[in-house]
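What follows is a set of notes on a single structure, which appears directly below.
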Amino acid sequence: MKKKSTSVSLIAFVALCGFASITFAEKPSPPSPIIVSHVWAKTSIPGSAVSAAYMQIQSNQNVKLIKVETTAANMVEIHNMQMNGDVMEMNAVDAVDVPAHKMVELKPGGLHVMLMQVKQPIKNGDRVPMTLTFEDADKKLIRMKVEAIGQDKNKQK
């Protein structure tokens, strides 16, 4: 009888340890407060060394997109296009504010990521790796990796 009792105690101990390890396991990291979706880049015009990338950004906290990097181009800037009288102007901006719980769209004719000195033409279906750097209200930097997919301008909405 004692032998049976020891086996039952050992099984109970192992089961308890298994339960304890689940209960006290390290919690997974919280999901990123930033969601980047619908990321695409214009296909390059033959003979041109420029392109642009577009995306939608949402966050559950106020953040700023302050920098974009890619290995596909030697120069990357965040730009905004706007009408000034009868002239469309494009200017570099230091940052893009992303208010909490609002969607900010980088799109043709507005805010966008300008890819200059593109190392090789961007073709339909190409993947363009990018690293986005955001700054939160506490000046903490958040880096995200995304891929823009090369698409023809005429096929976009």
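By convention in this document, the chains of the structure tokens carry letters A, B, ... by their order, each chain's residues are numbered from 1, and ligands are numbered from 1 in the order they are shown.
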Once you count only C-alpha atoms, what closest atom pair and distance in Å to one decimal does each residue of stretch 73-146 of chain A within 9 Å of stretch 45-58 of chain A have, with rows by chain and rising residue number, as JSON lines?
```
{"residue": "A:Ala73", "atom": "CA", "partner": "A:Val50", "partner_atom": "CA", "distance": 8.4}
{"residue": "A:Val98", "atom": "CA", "partner": "A:Gln58", "partner_atom": "CA", "distance": 6.9}
{"residue": "A:Pro99", "atom": "CA", "partner": "A:Gln58", "partner_atom": "CA", "distance": 8.0}
{"residue": "A:Ala100", "atom": "CA", "partner": "A:Gln58", "partner_atom": "CA", "distance": 7.4}
{"residue": "A:His101", "atom": "CA", "partner": "A:Gln58", "partner_atom": "CA", "distance": 6.4}
{"residue": "A:Lys102", "atom": "CA", "partner": "A:Gln58", "partner_atom": "CA", "distance": 6.0}
{"residue": "A:Met103", "atom": "CA", "partner": "A:Gln58", "partner_atom": "CA", "distance": 4.7}
{"residue": "A:Val104", "atom": "CA", "partner": "A:Ile57", "partner_atom": "CA", "distance": 5.2}
{"residue": "A:Glu105", "atom": "CA", "partner": "A:Gln56", "partner_atom": "CA", "distance": 4.4}
{"residue": "A:Leu106", "atom": "CA", "partner": "A:Tyr54", "partner_atom": "CA", "distance": 4.9}
{"residue": "A:Lys107", "atom": "CA", "partner": "A:Tyr54", "partner_atom": "CA", "distance": 5.2}
{"residue": "A:Pro108", "atom": "CA", "partner": "A:Tyr54", "partner_atom": "CA", "distance": 7.4}
{"residue": "A:Leu111", "atom": "CA", "partner": "A:Tyr54", "partner_atom": "CA", "distance": 8.1}
{"residue": "A:His112", "atom": "CA", "partner": "A:Tyr54", "partner_atom": "CA", "distance": 5.5}
{"residue": "A:Val113", "atom": "CA", "partner": "A:Ala53", "partner_atom": "CA", "distance": 5.0}
{"residue": "A:Met114", "atom": "CA", "partner": "A:Ala52", "partner_atom": "CA", "distance": 4.6}
{"residue": "A:Leu115", "atom": "CA", "partner": "A:Ser51", "partner_atom": "CA", "distance": 5.0}
{"residue": "A:Met116", "atom": "CA", "partner": "A:Val50", "partner_atom": "CA", "distance": 4.6}
{"residue": "A:Gln117", "atom": "CA", "partner": "A:Ala49", "partner_atom": "CA", "distance": 5.0}
{"residue": "A:Val118", "atom": "CA", "partner": "A:Ala49", "partner_atom": "CA", "distance": 4.8}
{"residue": "A:Lys119", "atom": "CA", "partner": "A:Ala49", "partner_atom": "CA", "distance": 7.4}
{"residue": "A:Gln120", "atom": "CA", "partner": "A:Ala49", "partner_atom": "CA", "distance": 7.7}
{"residue": "A:Pro121", "atom": "CA", "partner": "A:Ala49", "partner_atom": "CA", "distance": 7.2}
{"residue": "A:Ile122", "atom": "CA", "partner": "A:Ser51", "partner_atom": "CA", "distance": 7.7}
```
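Every residue of stretch 19-150 of chain A with a DSSP assignment of alpha helix (DSSP H), taken from the backbone, is listed as Phe19, Ala20, Ser21, Ile22 and Thr23 of chain A.
A straight line drawn from atom CA of A:Asp126 to atom CA of A:His38 is 14.7 Å long.
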- request: Give me, please, the distance in Å between atom CA of A:Glu69 and atom CA of A:Lys139, quoted to one decimal.
  value: 19.2 Å
